[in-house]
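Please read the structure below before turning to the comments.
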Amino acid sequence: MAVTDDAILRVKEMIVSGELKPGDRLPREADLAERLGLSRNSLREAVKALSLVRVLDVRQGDGTYVSSLRADDLLGALSFVLDLHRGEDSVLEVLQVRRILEPAASAMAAQRITPDEIATLRAMCDAGENARSVEELVDHDLEFHRAIAKCSGNAYLAQLLDTLAGPTVRVRIWRGIAQAGAAERTIAEHRAIVDALALRETELARSWTTVHVAGVEQWLSDLA
């Protein structure tokens with residue numbers, strides 16, 4: 001593994017330095033291994049590892065390429081890891097991370113959101129209020145948070161939050177069924193967040209988002 005780790009580091013350095021750019025094809029395996037002073041086996045294992053995290057794209061019969069290195073591609077590997085950790089403790093830790101990041105996304109959105117985006121968020125609140133089931137409300141909730149994260153203007157933050165949302169879906173549905181008034185509270189908090197965004201009140205948007213996300217976290221903690 002140490003040899004493979006070294007090979008991964010060497011290829012990474014080529015990408016970070018700009019020697020290999022997104023979309024570039026890697027040199028032939030034999031040539032690259034000789035150039036980096038690596039065995040072909042260790043280089044092959046490094047390529048496999050980097051393709052798993054979507055840094056490299058191995059195309060059968062065509063060669064190996066540097067991926068687009070876009071946030072949504074690279075963070076896909078995190079989604080795979082999170083899928084392996086669906087226990088109550090893991091979900092609680094994901095909620096804690098969301099409580100740190102989502103308020104920051106809302107604060108950033110408050111500085112750049114447009115009137116059209118505000119109108120879209122208000123329409124989402126109306127749709128959520130008319131949801132016919134808890135599952136449908138949670139779907140609206142996911143879209144609402146995804147839209148605000150996108151308004152932050154930070155693609156990495158938006159994709160990270162979208163990835164973190166997946167493991168919390170089940171507990172959000174569970175809360176909607178088990179806790180009295182959870183659905184009404186969710187819509188009311190959504191509207192408060194939108195009002196703060198419309199006023200471009202950065203700290204108010206941050207505070208309401210913290211309250212909103214912390215509600216699910218606190219409910220799950222109380223069950224423990």
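Residue numbering restarts at 1 for every chain of the structure tokens, chains are lettered A, B, ... in their displayed order, and ligands are numbered from 1 as they appear.
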Test item: residues at most 8 Å from A:Leu197, only C-alpha atoms, excluding those fewer than 4 positions along its chain, as a list in words:
Ser106, Ala109, Ala110, Ile113, Ile118, Ile193, Glu201, Thr202 and Ala205 of chain A
Could you please write out, as a VMD selection string, every residue of chain A that DSSP assigns to strand (DSSP E or B)?
chain A and resid 25 56 to 59 63 to 66
Go ahead and dump the residues you just picked, N, CA and C atoms, as a PDB file, in the first residue's frame.
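Full text of out-v3.pdb as output:
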ATOM      1  N   ARG A  25      -5.086  13.398 -21.494  1.00  0.00           N
ATOM      2  CA  ARG A  25      -4.824  11.960 -21.495  1.00  0.00           C
ATOM      3  C   ARG A  25      -3.474  11.694 -20.838  1.00  0.00           C
ATOM      4  N   LEU A  56      -9.555  10.295 -12.099  1.00  0.00           N
ATOM      5  CA  LEU A  56      -9.169   9.783 -13.412  1.00  0.00           C
ATOM      6  C   LEU A  56     -10.336   9.029 -14.034  1.00  0.00           C
ATOM      7  N   ASP A  57     -10.361   9.032 -15.356  1.00  0.00           N
ATOM      8  CA  ASP A  57     -11.403   8.348 -16.114  1.00  0.00           C
ATOM      9  C   ASP A  57     -10.723   7.333 -17.025  1.00  0.00           C
ATOM     10  N   VAL A  58     -10.899   6.044 -16.705  1.00  0.00           N
ATOM     11  CA  VAL A  58     -10.285   4.974 -17.493  1.00  0.00           C
ATOM     12  C   VAL A  58     -11.259   4.554 -18.582  1.00  0.00           C
ATOM     13  N   ARG A  59     -10.845   4.728 -19.828  1.00  0.00           N
ATOM     14  CA  ARG A  59     -11.696   4.395 -20.971  1.00  0.00           C
ATOM     15  C   ARG A  59     -11.102   3.191 -21.694  1.00  0.00           C
ATOM     16  N   GLY A  63      -7.568   4.728 -23.319  1.00  0.00           N
ATOM     17  CA  GLY A  63      -6.563   5.290 -22.432  1.00  0.00           C
ATOM     18  C   GLY A  63      -7.176   5.835 -21.156  1.00  0.00           C
ATOM     19  N   THR A  64      -6.358   6.511 -20.389  1.00  0.00           N
ATOM     20  CA  THR A  64      -6.782   7.075 -19.104  1.00  0.00           C
ATOM     21  C   THR A  64      -6.685   8.589 -19.171  1.00  0.00           C
ATOM     22  N   TYR A  65      -7.737   9.261 -18.738  1.00  0.00           N
ATOM     23  CA  TYR A  65      -7.823  10.709 -18.827  1.00  0.00           C
ATOM     24  C   TYR A  65      -8.046  11.319 -17.444  1.00  0.00           C
ATOM     25  N   VAL A  66      -7.590  12.543 -17.280  1.00  0.00           N
ATOM     26  CA  VAL A  66      -7.961  13.308 -16.081  1.00  0.00           C
ATOM     27  C   VAL A  66      -9.427  13.685 -16.248  1.00  0.00           C
TER      28      VAL A  66
END
So that I can check the surroundings of stretch 45-49 of chain A, please list as a list in words every protein, DNA and RNA residue that reaches within 7 Å of it, counting only C-alpha atoms and ignoring chain neighbours fewer than 5 positions away.
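So, after excluding close chain neighbours, the residues are Thr4, Ala7, Ile8 and Leu56 of chain A.
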Nearest to A:Glu189, chosen from A:Cys125, A:Ala107, A:Gly166, A:Glu93, with only C-alpha atoms counted in the distances
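With only C-alpha atoms as the atom set, the closest residue is A:Cys125.
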Pick out each residue of stretch 39-179 of chain A that DSSP on the backbone tags as alpha helix (DSSP H); I need them as a ChimeraX atom specification.
/A:40-52,71-74,76-83,88-110,115-129,134-151,155-165,169-178
Which residues are close to A:Arg112, i.e. within 9 Å by only C-alpha atoms, leaving aside same-chain residues fewer than 2 positions away? Reply as a CSV table (one decimal) with C-alpha atoms, in the first residue's frame.
chain,number,residue,atom,x,y,z
A,108,MET,CA,-23.9,33.6,1.2
A,109,ALA,CA,-27.2,33.4,-0.7
A,110,ALA,CA,-28.5,36.5,1.1
A,114,THR,CA,-32.2,37.6,-7.2
A,151,CYS,CA,-27.9,30.5,-4.7
A,152,SER,CA,-24.8,30.7,-2.6
A,153,GLY,CA,-22.8,30.7,-5.8
A,200,ARG,CA,-30.7,40.4,2.4
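Residue nearest A:Ile15 within the list A:Leu161, A:Val213, A:Leu69, A:Val53: A:Leu69 [criterion: smallest interatomic distance, only C-alpha atoms].
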Could you list, with a cut-off of 9 Å and counting only C-alpha atoms, the residues of stretch 130-173 of chain A near stretch 179-186 of chain A, each shown with its nearest atom pair and the distance in Å rounded to one decimal, rows sorted by chain and ascending number, as CSV?
residue,atom,partner,partner_atom,distance
A:Val134,CA,A:Ala183,CA,7.5
A:Leu137,CA,A:Ala183,CA,7.5
A:Asp141,CA,A:Thr186,CA,8.1
With distances taken over only C-alpha atoms, the candidate from A:Arg191, A:Arg132, A:Lys12, A:Arg146 nearest A:Leu43 is A:Lys12
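Using only C-alpha atoms, the nearest neighbour of A:Leu199 within the list A:Leu160, A:Pro103, A:Gln111, A:Gln60 is A:Gln111.
When only C-alpha atoms are used to measure the gap to A:Thr163, the shortest distance among A:Leu52, A:Leu32, A:Ala192, A:Val94 belongs to A:Val94.
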By how many Å are atom CA of A:Ile173 and atom CA of A:Glu135 apart?
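For atom CA of A:Ile173 relative to atom CA of A:Glu135, the distance reads 6.1 Å.
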So, with only C-alpha atoms as the atoms that count, which of A:Val194, A:Leu92, A:Val171, A:Leu220 lies closest to A:Arg206?
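Closest candidate: A:Val194.
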Atom CA of A:His212 and atom CA of A:Tyr156 are how many Å apart?
22.0 Å
